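Q: If it helps, the file is called upload09.csv and holds CSV, C-alpha atoms:
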chain,number,residue,atom,x,y,z
A,1151,MET,CA,8.9,-11.3,-42.7
A,1152,GLU,CA,8.9,-14.7,-44.4
A,1153,PHE,CA,8.6,-18.2,-42.9
A,1154,PRO,CA,10.7,-20.8,-44.7
A,1155,THR,CA,8.8,-23.7,-46.3
A,1156,GLU,CA,9.9,-27.0,-47.7
A,1157,ILE,CA,8.2,-30.0,-49.2
A,1158,VAL,CA,9.5,-33.4,-48.2
A,1159,GLY,CA,7.6,-36.3,-50.0
A,1160,GLU,CA,3.9,-35.8,-49.4
A,1161,LYS,CA,4.3,-33.3,-46.6
A,1162,GLY,CA,4.9,-29.5,-46.7
A,1163,TYR,CA,6.6,-27.9,-43.7
A,1164,ILE,CA,6.3,-24.3,-42.5
A,1165,HIS,CA,9.1,-23.2,-40.1
A,1166,ILE,CA,7.7,-20.5,-37.8
A,1167,THR,CA,10.8,-18.5,-37.0
A,1168,SER,CA,9.3,-15.8,-34.8
A,1169,ASP,CA,6.5,-15.3,-32.2
A,1170,LEU,CA,3.1,-15.7,-33.8
A,1171,ASP,CA,1.5,-12.7,-32.2
A,1172,THR,CA,1.4,-9.9,-34.7
A,1173,GLU,CA,-0.3,-9.1,-38.0
A,1174,VAL,CA,3.1,-9.3,-39.8
A,1175,ALA,CA,3.7,-12.8,-38.5
A,1176,GLY,CA,0.1,-13.8,-39.3
A,1177,GLU,CA,0.5,-12.6,-42.8
A,1178,ALA,CA,3.8,-14.5,-43.1
A,1179,LEU,CA,2.0,-17.7,-42.0
A,1180,ARG,CA,-0.8,-17.1,-44.6
A,1181,SER,CA,1.7,-16.5,-47.3
A,1182,ALA,CA,3.8,-19.6,-46.5
A,1183,PHE,CA,0.7,-21.7,-46.2
A,1184,ASN,CA,-0.6,-20.5,-49.7
A,1185,ASP,CA,2.9,-21.2,-51.1
A,1186,ILE,CA,2.6,-24.9,-50.1
A,1187,TYR,CA,-1.2,-25.3,-50.6
A,1188,ASP,CA,-1.0,-23.9,-54.2
A,1189,ARG,CA,1.6,-26.5,-55.1
A,1190,GLY,CA,-1.1,-29.2,-54.2
A,1191,THR,CA,0.3,-30.4,-50.9
A,1192,ARG,CA,-2.5,-31.3,-48.5
A,1193,THR,CA,-0.6,-32.5,-45.5
A,1194,ILE,CA,1.1,-29.5,-43.9
A,1195,VAL,CA,3.2,-29.5,-40.8
A,1196,LEU,CA,3.8,-26.4,-38.7
A,1197,ASP,CA,7.1,-26.3,-36.9
A,1198,LEU,CA,6.5,-23.8,-34.1
A,1199,SER,CA,9.9,-24.3,-32.4
A,1200,GLY,CA,11.0,-20.8,-33.3
A,1201,ALA,CA,8.0,-19.2,-31.4
A,1202,GLN,CA,8.0,-18.4,-27.7
A,1203,ILE,CA,4.5,-17.1,-27.7
A,1204,ILE,CA,1.3,-17.5,-29.8
A,1205,ASN,CA,-1.7,-15.3,-29.1
A,1206,SER,CA,-5.3,-15.5,-30.1
A,1207,TYR,CA,-4.5,-13.7,-33.4
A,1208,GLY,CA,-1.9,-16.3,-34.3
A,1209,ILE,CA,-4.2,-19.1,-33.2
A,1210,GLY,CA,-6.9,-17.6,-35.5
A,1211,LYS,CA,-4.5,-17.8,-38.4
A,1212,VAL,CA,-3.5,-21.4,-37.6
A,1213,LEU,CA,-7.2,-22.4,-37.5
A,1214,SER,CA,-7.8,-20.6,-40.7
A,1215,CYS,CA,-5.2,-22.8,-42.3
A,1216,TYR,CA,-6.8,-25.9,-40.6
A,1217,GLN,CA,-10.2,-25.0,-42.0
A,1218,ARG,CA,-8.9,-24.6,-45.5
A,1219,LEU,CA,-7.1,-27.9,-45.4
A,1220,LYS,CA,-10.1,-29.7,-43.8
A,1221,ALA,CA,-12.4,-28.4,-46.5
A,1222,ASP,CA,-10.1,-30.1,-49.0
A,1223,ARG,CA,-9.7,-33.3,-47.0
A,1224,GLY,CA,-6.2,-32.2,-46.0
A,1225,VAL,CA,-4.5,-32.4,-42.6
A,1226,LEU,CA,-2.7,-29.7,-40.6
A,1227,MET,CA,-0.2,-31.1,-38.1
A,1228,VAL,CA,2.4,-29.7,-35.7
A,1229,LYS,CA,5.9,-30.8,-34.9
A,1230,PRO,CA,6.2,-31.7,-31.2
A,1231,LEU,CA,5.6,-28.5,-29.1
A,1232,ASN,CA,7.6,-27.1,-26.3
A,1233,GLY,CA,7.3,-24.5,-23.5
A,1234,PHE,CA,4.6,-21.9,-23.3
A,1235,VAL,CA,3.4,-22.6,-26.9
A,1236,LYS,CA,2.7,-26.2,-25.8
A,1237,GLU,CA,0.9,-24.9,-22.7
A,1238,THR,CA,-1.2,-22.6,-24.8
A,1239,PHE,CA,-2.2,-25.4,-27.2
A,1240,GLU,CA,-3.1,-27.6,-24.2
A,1241,LEU,CA,-5.2,-24.9,-22.5
A,1242,LEU,CA,-7.2,-24.3,-25.7
A,1243,MET,CA,-7.3,-28.1,-26.5
A,1244,LEU,CA,-5.7,-27.5,-29.8
A,1245,ASP,CA,-3.4,-30.4,-29.1
A,1246,LYS,CA,-6.6,-32.6,-29.5
A,1247,LEU,CA,-7.4,-31.0,-32.9
A,1248,LEU,CA,-4.0,-30.8,-34.6
A,1249,PRO,CA,-2.1,-34.1,-34.6
A,1250,THR,CA,1.6,-34.1,-33.7
A,1251,GLU,CA,4.0,-35.4,-36.3
A,1252,LYS,CA,6.0,-38.2,-34.7
B,1210,MET,CA,36.4,4.1,-14.1
B,1211,GLU,CA,35.7,1.2,-11.7
B,1212,PHE,CA,36.9,-2.0,-13.3
B,1213,SER,CA,36.9,-5.2,-11.3
B,1214,ARG,CA,38.8,-8.3,-12.6
B,1215,PRO,CA,36.9,-9.7,-15.6
B,1216,HIS,CA,36.3,-13.4,-16.2
B,1217,ILE,CA,37.1,-14.2,-19.9
B,1218,LEU,CA,36.6,-17.2,-22.1
B,1219,LEU,CA,38.8,-17.5,-25.2
B,1220,ALA,CA,37.5,-19.7,-27.9
B,1221,ASP,CA,40.4,-20.4,-30.4
B,1222,SER,CA,41.9,-23.5,-31.8
B,1223,ASP,CA,45.3,-22.1,-32.6
B,1224,ALA,CA,48.0,-23.0,-30.0
B,1225,LYS,CA,50.2,-20.0,-30.9
B,1226,SER,CA,47.3,-17.7,-30.3
B,1227,HIS,CA,46.7,-19.3,-26.9
B,1228,GLU,CA,50.3,-18.4,-25.8
B,1229,ALA,CA,49.8,-14.7,-26.9
B,1230,PHE,CA,46.5,-14.4,-25.1
B,1231,ARG,CA,47.6,-16.3,-22.0
B,1232,SER,CA,50.5,-13.9,-21.6
B,1233,PHE,CA,48.3,-10.9,-22.2
B,1234,PHE,CA,45.6,-12.0,-19.7
B,1235,GLU,CA,48.2,-12.9,-17.0
B,1236,ARG,CA,49.9,-9.5,-17.4
B,1237,ARG,CA,46.5,-7.8,-16.8
B,1238,GLY,CA,45.6,-10.2,-13.9
B,1239,TRP,CA,42.4,-11.3,-15.6
B,1240,ASP,CA,40.8,-14.7,-15.0
B,1241,PHE,CA,40.4,-16.7,-18.2
B,1242,ALA,CA,39.6,-20.1,-19.6
B,1243,ILE,CA,40.4,-21.5,-23.0
B,1244,ALA,CA,38.1,-23.5,-25.3
B,1245,THR,CA,39.8,-25.1,-28.2
B,1246,ASP,CA,36.8,-26.1,-30.3
B,1247,ALA,CA,33.0,-25.7,-30.5
B,1248,SER,CA,32.3,-28.6,-28.2
B,1249,ASN,CA,34.7,-27.1,-25.5
B,1250,LEU,CA,33.0,-23.7,-26.0
B,1251,GLY,CA,29.5,-25.2,-25.4
B,1252,GLN,CA,30.7,-27.0,-22.2
B,1253,ALA,CA,32.5,-24.0,-20.8
B,1254,LEU,CA,29.4,-21.8,-21.3
B,1255,GLU,CA,27.2,-24.4,-19.7
B,1256,THR,CA,29.3,-24.7,-16.6
B,1257,SER,CA,30.5,-21.1,-16.0
B,1258,ALA,CA,29.3,-17.5,-16.5
B,1259,PHE,CA,31.8,-15.3,-18.3
B,1260,ASP,CA,31.9,-11.5,-18.5
B,1261,ILE,CA,33.0,-11.8,-22.0
B,1262,VAL,CA,33.8,-14.4,-24.7
B,1263,ILE,CA,36.5,-13.7,-27.2
B,1264,ALA,CA,36.1,-16.1,-30.1
B,1265,ASP,CA,38.0,-16.8,-33.3
B,1266,ALA,CA,35.5,-16.7,-36.3
B,1267,THR,CA,37.8,-19.0,-38.3
B,1268,MET,CA,37.8,-22.0,-36.0
B,1269,PRO,CA,37.8,-25.2,-38.2
B,1270,GLY,CA,34.3,-26.6,-38.7
B,1271,VAL,CA,32.5,-23.6,-37.1
B,1272,SER,CA,31.0,-20.9,-39.3
B,1273,PRO,CA,30.5,-17.4,-37.8
B,1274,SER,CA,26.8,-17.9,-37.7
B,1275,MET,CA,27.2,-21.3,-35.9
B,1276,LEU,CA,29.6,-19.7,-33.5
B,1277,LEU,CA,26.9,-17.0,-32.6
B,1278,GLY,CA,24.3,-19.8,-32.3
B,1279,HIS,CA,26.5,-21.7,-29.8
B,1280,VAL,CA,27.1,-18.7,-27.6
B,1281,PHE,CA,23.7,-17.0,-27.7
B,1282,ARG,CA,21.6,-20.2,-27.3
B,1283,LYS,CA,23.6,-21.0,-24.1
B,1284,ARG,CA,23.9,-17.5,-22.8
B,1285,PRO,CA,21.5,-15.0,-24.3
B,1286,GLY,CA,22.9,-11.5,-24.1
B,1287,GLN,CA,26.5,-12.7,-23.6
B,1288,ALA,CA,29.1,-10.1,-24.4
B,1289,LEU,CA,31.0,-11.5,-27.3
B,1290,ILE,CA,34.1,-10.2,-29.2
B,1291,VAL,CA,34.7,-12.0,-32.5
B,1292,MET,CA,38.2,-12.1,-34.1
B,1293,GLY,CA,38.3,-12.3,-37.9
B,1294,GLU,CA,40.7,-11.9,-40.7
B,1295,THR,CA,39.4,-8.4,-41.4
B,1296,ALA,CA,37.1,-6.5,-39.0
B,1297,TYR,CA,35.6,-4.2,-41.5
B,1298,SER,CA,34.2,-6.7,-44.0
B,1299,ASP,CA,30.6,-7.5,-44.8
B,1300,MET,CA,30.9,-10.4,-42.4
B,1301,GLY,CA,32.1,-8.1,-39.7
B,1302,PHE,CA,29.0,-5.8,-40.1
B,1303,LYS,CA,26.7,-8.8,-40.3
B,1304,LEU,CA,28.1,-10.1,-36.9
B,1305,LEU,CA,27.7,-6.7,-35.3
B,1306,ARG,CA,24.0,-6.5,-36.5
B,1307,SER,CA,23.6,-10.0,-35.0
B,1308,GLY,CA,24.3,-8.9,-31.5
B,1309,VAL,CA,28.1,-9.3,-31.3
B,1310,THR,CA,29.7,-6.7,-28.9
B,1311,ASP,CA,32.7,-6.0,-31.2
B,1312,VAL,CA,34.7,-7.4,-34.1
B,1313,ILE,CA,38.5,-7.2,-34.2
B,1314,ALA,CA,41.0,-8.0,-36.8
B,1315,LYS,CA,43.8,-10.6,-36.6
B,1316,PRO,CA,46.6,-10.3,-35.7
B,1317,VAL,CA,45.1,-8.8,-32.6
B,1318,ASP,CA,46.0,-5.3,-31.4
B,1319,PHE,CA,46.0,-6.1,-27.7
B,1320,ALA,CA,45.9,-2.4,-26.6
B,1321,TRP,CA,42.6,-2.1,-28.6
B,1322,LEU,CA,41.3,-5.4,-27.2
B,1323,GLU,CA,42.0,-4.2,-23.7
B,1324,ARG,CA,39.8,-1.1,-24.3
B,1325,CYS,CA,37.0,-3.3,-25.8
B,1326,VAL,CA,37.1,-5.6,-22.8
B,1327,GLU,CA,37.2,-2.8,-20.2
B,1328,HIS,CA,34.2,-1.1,-21.9
B,1329,ALA,CA,32.2,-4.4,-22.2
B,1330,VAL,CA,32.9,-5.4,-18.6
B,1331,SER,CA,32.1,-1.9,-17.3
B,1332,CYS,CA,28.7,-2.0,-19.1
B,1333,ARG,CA,28.0,-5.5,-17.8
B,1334,ARG,CA,28.8,-4.4,-14.2
B,1335,ASN,CA,26.5,-1.4,-14.5
B,1336,ASP,CA,23.7,-3.7,-15.8
B,1337,GLN,CA,24.2,-6.1,-12.9
B,1338,ARG,CA,24.0,-3.2,-10.4
B,1339,GLU,CA,20.8,-1.9,-12.0
B,1340,LYS,CA,19.2,-5.4,-11.9
B,1341,GLN,CA,20.2,-5.9,-8.2
B,1342,THR,CA,19.0,-2.4,-7.3
B,1343,TYR,CA,15.6,-2.9,-9.0
B,1344,ALA,CA,14.8,-5.7,-6.5
B,1345,PHE,CA,14.5,-2.9,-3.9
B,1346,VAL,CA,12.0,-0.8,-5.9
B,1347,THR,CA,8.7,-0.7,-4.0
B,1348,CYS,CA,6.5,1.3,-6.4
B,1349,GLU,CA,6.6,2.2,-10.1
B,1350,GLN,CA,3.9,3.8,-12.2
B,1351,THR,CA,3.9,4.2,-16.0
B,1352,GLU,CA,1.2,5.6,-18.3
B,1353,MET,CA,1.2,5.0,-22.1
B,1354,ARG,CA,-1.2,6.3,-24.8
B,1355,PHE,CA,-1.3,4.9,-28.3
B,1356,SER,CA,-3.6,5.6,-31.3
B,1357,CYS,CA,-4.8,2.6,-33.1
B,1358,LYS,CA,-2.7,3.7,-36.0
B,1359,GLN,CA,0.4,3.8,-33.8
B,1360,LEU,CA,-0.3,0.4,-32.3
B,1361,GLY,CA,-0.6,-1.0,-35.9
B,1362,GLU,CA,2.9,0.5,-36.6
B,1363,VAL,CA,4.6,-0.9,-33.4
B,1364,GLN,CA,2.9,-4.3,-34.0
B,1365,ALA,CA,3.3,-5.6,-30.4
B,1366,ILE,CA,3.7,-3.6,-27.2
B,1367,SER,CA,6.7,-4.4,-25.0
B,1368,LEU,CA,6.5,-3.5,-21.4
B,1369,PRO,CA,9.9,-2.5,-20.0
B,1370,ILE,CA,8.8,-3.3,-16.5
B,1371,LEU,CA,8.6,-7.0,-17.4
B,1372,GLY,CA,12.3,-7.1,-18.3
B,1373,ARG,CA,13.1,-5.3,-15.0
B,1374,LEU,CA,11.0,-7.7,-12.9
B,1375,LEU,CA,12.5,-10.7,-14.8
B,1376,ASP,CA,16.1,-9.5,-14.3
B,1377,SER,CA,15.5,-8.9,-10.6
B,1378,GLN,CA,14.0,-12.4,-10.4
B,1379,GLN,CA,10.7,-11.2,-9.2
B,1380,ILE,CA,8.9,-13.1,-12.0
B,1381,THR,CA,9.9,-16.1,-14.0
B,1382,ASP,CA,10.4,-16.4,-17.8
B,1383,THR,CA,7.0,-18.1,-18.1
B,1384,GLU,CA,5.2,-15.5,-15.9
B,1385,ALA,CA,6.7,-12.8,-18.1
B,1386,LEU,CA,5.4,-14.5,-21.2
B,1387,LYS,CA,2.0,-15.0,-19.7
B,1388,ILE,CA,1.7,-11.3,-18.6
B,1389,ARG,CA,2.9,-10.3,-22.1
B,1390,LEU,CA,0.2,-12.5,-23.6
B,1391,ALA,CA,-2.5,-11.2,-21.4
B,1392,VAL,CA,-1.6,-7.6,-22.3
B,1393,GLN,CA,-1.5,-8.4,-26.0
B,1394,GLU,CA,-5.0,-10.0,-25.7
B,1395,ALA,CA,-6.4,-7.0,-23.8
B,1396,VAL,CA,-4.9,-4.5,-26.2
B,1397,LEU,CA,-6.1,-6.5,-29.2
B,1398,ASN,CA,-9.6,-6.4,-27.8
B,1399,ALA,CA,-9.3,-2.7,-27.1
B,1400,VAL,CA,-8.2,-2.0,-30.7
B,1401,GLU,CA,-10.3,-4.4,-32.6
B,1402,HIS,CA,-13.6,-4.8,-30.7
B,1403,GLY,CA,-13.4,-1.4,-28.8
B,1404,ASN,CA,-12.0,1.3,-31.1
B,1405,LEU,CA,-12.3,-0.3,-34.5
B,1406,GLU,CA,-15.8,-1.8,-33.7
B,1407,LEU,CA,-14.9,-5.0,-35.6
B,1408,GLU,CA,-17.1,-8.1,-35.3
B,1409,SER,CA,-15.6,-11.5,-34.6
B,1410,ARG,CA,-18.0,-13.3,-37.0
B,1411,TRP,CA,-16.2,-11.6,-39.9
B,1412,LYS,CA,-13.2,-13.8,-39.2
B,1413,GLU,CA,-15.1,-16.8,-40.6
B,1414,GLU,CA,-16.0,-15.0,-43.9
B,1415,VAL,CA,-12.9,-15.9,-45.9
B,1416,GLN,CA,-12.5,-14.3,-49.3
B,1417,ALA,CA,-10.1,-14.7,-52.2
B,1418,GLU,CA,-6.5,-15.6,-51.3
B,1419,GLY,CA,-7.6,-16.7,-47.9
B,1420,ILE,CA,-8.1,-13.1,-46.7
B,1421,ASP,CA,-11.0,-12.8,-44.2
B,1422,LYS,CA,-13.5,-10.0,-44.1
B,1423,PHE,CA,-12.3,-9.1,-40.6
B,1424,SER,CA,-8.7,-8.4,-41.8
B,1425,GLN,CA,-10.0,-6.5,-44.8
B,1426,ILE,CA,-12.3,-4.2,-42.7
B,1427,ARG,CA,-9.6,-3.8,-40.1
B,1428,ARG,CA,-7.2,-2.4,-42.7
B,1429,GLU,CA,-9.9,-0.1,-44.0
B,1430,ARG,CA,-10.7,1.3,-40.6
B,1431,LEU,CA,-7.0,1.7,-39.7
B,1432,ALA,CA,-6.8,4.0,-42.8
B,1433,ASP,CA,-9.9,6.0,-41.6
B,1434,PRO,CA,-8.9,8.7,-39.2
B,1435,ASN,CA,-12.3,8.5,-37.4
B,1436,PHE,CA,-11.3,5.0,-36.2
B,1437,ALA,CA,-7.5,5.1,-36.4
B,1438,ASN,CA,-7.1,8.1,-34.1
B,1439,ARG,CA,-9.0,6.6,-31.3
B,1440,ALA,CA,-6.7,5.9,-28.3
B,1441,VAL,CA,-5.8,3.0,-26.2
B,1442,LYS,CA,-4.4,3.9,-22.8
B,1443,LEU,CA,-2.2,1.7,-20.6
B,1444,SER,CA,-1.6,2.3,-16.9
B,1445,ILE,CA,1.0,0.0,-15.3
B,1446,SER,CA,1.4,0.1,-11.6
B,1447,PHE,CA,3.7,-2.0,-9.5
B,1448,LYS,CA,3.2,-1.5,-5.8
B,1449,GLY,CA,3.5,-3.8,-2.8
B,1450,GLU,CA,4.4,-6.8,-5.0
B,1451,ILE,CA,1.2,-6.4,-7.0
B,1452,LEU,CA,1.4,-5.7,-10.7
B,1453,GLU,CA,-1.7,-4.0,-12.1
B,1454,ILE,CA,-2.1,-3.2,-15.8
B,1455,THR,CA,-5.2,-1.3,-16.9
B,1456,ILE,CA,-6.1,-1.1,-20.6
B,1457,ARG,CA,-8.8,1.4,-21.6
B,1458,ASP,CA,-10.2,2.1,-25.1
B,1459,GLU,CA,-12.5,4.7,-26.5
B,1460,GLY,CA,-15.1,2.3,-27.9
B,1461,LYS,CA,-18.6,1.4,-26.7
B,1462,GLY,CA,-17.4,-1.7,-24.9
B,1463,PHE,CA,-17.7,-5.3,-26.0
B,1464,LEU,CA,-19.2,-7.2,-23.0
B,1465,SER,CA,-22.9,-6.7,-24.0
B,1466,ALA,CA,-22.2,-8.2,-27.4
B,1467,HIS,CA,-19.8,-10.9,-26.1
B,1468,ARG,CA,-21.3,-14.3,-26.9
B,1469,GLY,CA,-19.8,-15.9,-23.7
B,1470,PRO,CA,-17.3,-18.7,-23.5
B,1471,VAL,CA,-17.5,-21.3,-26.2
B,1472,PRO,CA,-16.6,-24.9,-25.1
B,1473,LEU,CA,-13.0,-25.1,-26.2
B,1474,ALA,CA,-13.1,-28.6,-27.6
B,1475,GLN,CA,-15.9,-27.7,-30.0
B,1476,ASN,CA,-14.6,-24.3,-30.9
B,1477,LEU,CA,-13.1,-24.4,-34.4
B,1478,SER,CA,-13.9,-20.8,-35.2
B,1479,CYS,CA,-11.0,-18.4,-35.8
B,1480,SER,CA,-12.0,-16.2,-32.8
B,1481,GLY,CA,-13.1,-16.4,-29.1
B,1482,ARG,CA,-10.0,-17.5,-27.3
B,1483,GLY,CA,-8.5,-14.2,-26.2
B,1484,MET,CA,-10.6,-14.1,-23.0
B,1485,THR,CA,-9.5,-17.6,-22.0
B,1486,LEU,CA,-5.9,-16.8,-22.7
B,1487,MET,CA,-6.1,-13.6,-20.7
B,1488,THR,CA,-7.8,-15.0,-17.7
B,1489,ASN,CA,-5.4,-17.9,-17.5
B,1490,ALA,CA,-2.3,-15.8,-17.8
B,1491,VAL,CA,-2.8,-13.6,-14.7
B,1492,ASP,CA,-4.3,-13.9,-11.3
B,1493,GLU,CA,-7.3,-11.6,-11.8
B,1494,VAL,CA,-9.0,-9.9,-14.6
B,1495,ARG,CA,-11.5,-7.1,-13.9
B,1496,PHE,CA,-13.8,-5.5,-16.4
B,1497,SER,CA,-15.5,-2.1,-16.1
B,1498,LEU,CA,-17.2,0.4,-18.4
B,1499,ASN,CA,-18.9,-2.5,-20.3
B,1500,GLY,CA,-15.4,-3.9,-21.2
B,1501,SER,CA,-13.9,-0.7,-22.4
B,1502,GLU,CA,-11.6,-0.9,-19.4
B,1503,VAL,CA,-9.8,-4.1,-18.4
B,1504,THR,CA,-7.5,-4.5,-15.4
B,1505,LEU,CA,-5.0,-7.4,-15.3
B,1506,ILE,CA,-3.6,-8.2,-11.9
B,1507,LYS,CA,-0.6,-10.3,-11.1
B,1508,TYR,CA,0.4,-11.1,-7.5
B,1509,LEU,CA,4.2,-11.6,-7.6
B,1510,ALA,CA,5.9,-14.6,-5.9
B,1511,LYS,CA,6.8,-12.8,-2.7
B,1512,GLN,CA,3.2,-11.7,-2.2
B,1513,ARG,CA,1.9,-15.3,-2.7
B,1514,SER,CA,4.4,-16.8,-0.3
Write the structure described by the file as structure tokens, please.

A:
Amino acid sequence: MEFPTEIVGEKGYIHITSDLDTEVAGEALRSAFNDIYDRGTRTIVLDLSGAQIINSYGIGKVLSCYQRLKADRGVLMVKPLNGFVKETFELLMLDKLLPTEK
Amino acid sequence: MEFSRPHILLADSDAKSHEAFRSFFERRGWDFAIATDASNLGQALETSAFDIVIADATMPGVSPSMLLGHVFRKRPGQALIVMGETAYSDMGFKLLRSGVTDVIAKPVDFAWLERCVEHAVSCRRNDQREKQTYAFVTCEQTEMRFSCKQLGEVQAISLPILGRLLDSQQITDTEALKIRLAVQEAVLNAVEHGNLELESRWKEEVQAEGIDKFSQIRRERLADPNFANRAVKLSISFKGEILEITIRDEGKGFLSAHRGPVPLAQNLSCSGRGMTLMTNAVDEVRFSLNGSEVTLIKYLAKQRS
């Protein structure tokens, strides 16, 4: 499994195209993140519109990306969230931590 | 074979083709509607339910993948027959792998099309009967047993009962997702903290390439038969509109080592959220055997009302 990435201007985008609830999906996120991070981009936007569900494993992987960027004065953002993923982010107050790209 | 009158949507921009299909549908006495472009197709799917959609893959401005997107986004699981220049091309096989019911070549062999439609509609009627009947099931019990190695291979457990409860409208889409999430969290706990005896703090110890110590030791233990062969058992019971799912592992239990809830707003660690997600997703969570056994309880809508 691979998540598509793109760099537009100063921002890198990772398009999550499956649920973020398995080791395979977590590895795909780590690999996509490394791809953008290694090219020097320090503002990375997660597009979670392709995910219906994110569990604690997936959230752990997202926060691992957040920590790596924060340590390098970078920013991890999310595209506007919907549905149950949005509800999960709000429950865990991740919406306060990760800014939404307008 | 029982075969009640099907309701068909033809998506095709060719006027000559419309005539041929209209004549065929009328001879068979089938109900039908015609969409002449992608926009019409979208509107028709929004306003009516069809037993089957027969769509031309060569409509101007709509690629086959766009066509599938139009149909399956509006109507997931919709029976769809696609007509193409050749049925047995790479594109034909790709369409079949993408969930299309059948692919037929143009010009259309109407005798063959009739068999395809009858088969698809018969399957759909059977599915509908099964879904309607399930609403009358009063008790169901399932037991599952996985080794940690097997769970690693299947990646995520899917509970067939959730699909049946959803189809028979006893739970909503969101409730199904929540129950699925709660089960995932409980099984993750059972595997990682129960059977594999992994410690959450290892998630914070990130090594080269962004790989954390937790993931590394997890892989090592999944390759060690002493850990990998330990079992996780699921017992799923649906009775009297109460869904009860018990997950039991063969570890020492994690409650005595559990650090307790961390204030969410201050919690930037990579772990410690599973319990919050689990307890929020169902109506009750009961722990026993020091956390080696977790029971998730969901009272279905009828019970609450």

Q: Return as a Markdown table the residues of chain A lying at most 12 Å from chain B, together with the closest atom-to-atom pair for each and the distance in Å to one decimal, counting only C-alpha atoms, with rows in chain order and ascending residue number.

A:
| residue | atom | partner | partner_atom | distance |
| --- | --- | --- | --- | --- |
| A:Asp1169 | CA | B:Ala1365 | CA | 10.4 |
| A:Leu1170 | CA | B:Ala1365 | CA | 10.7 |
| A:Asp1171 | CA | B:Ala1365 | CA | 7.5 |
| A:Thr1172 | CA | B:Gln1364 | CA | 5.8 |
| A:Glu1173 | CA | B:Gln1364 | CA | 7.0 |
| A:Val1174 | CA | B:Gln1364 | CA | 7.7 |
| A:Ala1175 | CA | B:Gln1364 | CA | 9.7 |
| A:Gly1176 | CA | B:Ser1424 | CA | 10.6 |
| A:Glu1177 | CA | B:Ile1420 | CA | 9.5 |
| A:Leu1179 | CA | B:Gly1419 | CA | 11.3 |
| A:Arg1180 | CA | B:Gly1419 | CA | 7.6 |
| A:Ser1181 | CA | B:Glu1418 | CA | 9.2 |
| A:Ala1182 | CA | B:Gly1419 | CA | 11.8 |
| A:Phe1183 | CA | B:Gly1419 | CA | 9.8 |
| A:Asn1184 | CA | B:Glu1418 | CA | 7.8 |
| A:Asp1185 | CA | B:Glu1418 | CA | 10.9 |
| A:Tyr1187 | CA | B:Gly1419 | CA | 11.1 |
| A:Asp1188 | CA | B:Glu1418 | CA | 10.4 |
| A:Ala1201 | CA | B:Leu1386 | CA | 11.5 |
| A:Gln1202 | CA | B:Leu1386 | CA | 8.0 |
| A:Ile1203 | CA | B:Leu1386 | CA | 7.1 |
| A:Ile1204 | CA | B:Leu1390 | CA | 8.0 |
| A:Asn1205 | CA | B:Leu1390 | CA | 6.5 |
| A:Ser1206 | CA | B:Gly1483 | CA | 5.2 |
| A:Tyr1207 | CA | B:Ser1480 | CA | 7.9 |
| A:Gly1208 | CA | B:Cys1479 | CA | 9.5 |
| A:Ile1209 | CA | B:Cys1479 | CA | 7.3 |
| A:Gly1210 | CA | B:Cys1479 | CA | 4.2 |
| A:Lys1211 | CA | B:Cys1479 | CA | 7.0 |
| A:Val1212 | CA | B:Cys1479 | CA | 8.3 |
| A:Leu1213 | CA | B:Cys1479 | CA | 5.8 |
| A:Ser1214 | CA | B:Cys1479 | CA | 6.3 |
| A:Cys1215 | CA | B:Gly1419 | CA | 8.6 |
| A:Tyr1216 | CA | B:Leu1477 | CA | 9.0 |
| A:Gln1217 | CA | B:Leu1477 | CA | 8.2 |
| A:Arg1218 | CA | B:Gly1419 | CA | 8.4 |
| A:Leu1219 | CA | B:Gly1419 | CA | 11.5 |
| A:Lys1220 | CA | B:Leu1477 | CA | 11.2 |
| A:Gly1233 | CA | B:Thr1383 | CA | 8.4 |
| A:Phe1234 | CA | B:Thr1383 | CA | 6.9 |
| A:Val1235 | CA | B:Leu1386 | CA | 10.1 |
| A:Lys1236 | CA | B:Thr1383 | CA | 12.0 |
| A:Glu1237 | CA | B:Thr1383 | CA | 10.2 |
| A:Thr1238 | CA | B:Leu1486 | CA | 7.8 |
| A:Phe1239 | CA | B:Leu1486 | CA | 10.4 |
| A:Glu1240 | CA | B:Leu1473 | CA | 10.4 |
| A:Leu1241 | CA | B:Leu1486 | CA | 8.1 |
| A:Leu1242 | CA | B:Leu1473 | CA | 5.9 |
| A:Met1243 | CA | B:Ala1474 | CA | 5.9 |
| A:Leu1244 | CA | B:Ala1474 | CA | 7.8 |
| A:Asp1245 | CA | B:Ala1474 | CA | 10.0 |
| A:Lys1246 | CA | B:Ala1474 | CA | 7.9 |
| A:Leu1247 | CA | B:Ala1474 | CA | 8.1 |
| A:Leu1248 | CA | B:Leu1477 | CA | 11.1 |

Q: Of the residues A:Val1228, A:Ile1186, A:Leu1198, A:Ala1221, which is the one nearest to Ser1168 (chain A), using only C-alpha atoms?

A: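 The answer is A:Leu1198, which sits nearest to Ser1168 (chain A).
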
Q: Grab the CA of Leu1250 (chain B) to CA of Asp1318 (chain B) distance for me, in Å with one decimal place.

A: 23.2 Å

Q: So the first atom is CA of Ala1220 (chain B) and the second is CA of Ala1244 (chain B); what is the distance between them in Å, to one decimal place?

A: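 Atom-to-atom, CA of Ala1220 (chain B) to CA of Ala1244 (chain B), that is 4.6 Å.
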
Q: One decimal, Å: what's the distance from CA of Phe1423 (chain B) over to CA of Leu1505 (chain B), could you say?

A: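 These two atoms are separated by 26.4 Å.
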
Q: Could you tell me, as an MDAnalysis selection string, which residues have any atom at most 7 Å from (-5.2, -12.4, -10.2), counting all atoms listed in the file?

A: chainID B and resid 1491:1494 1506:1508
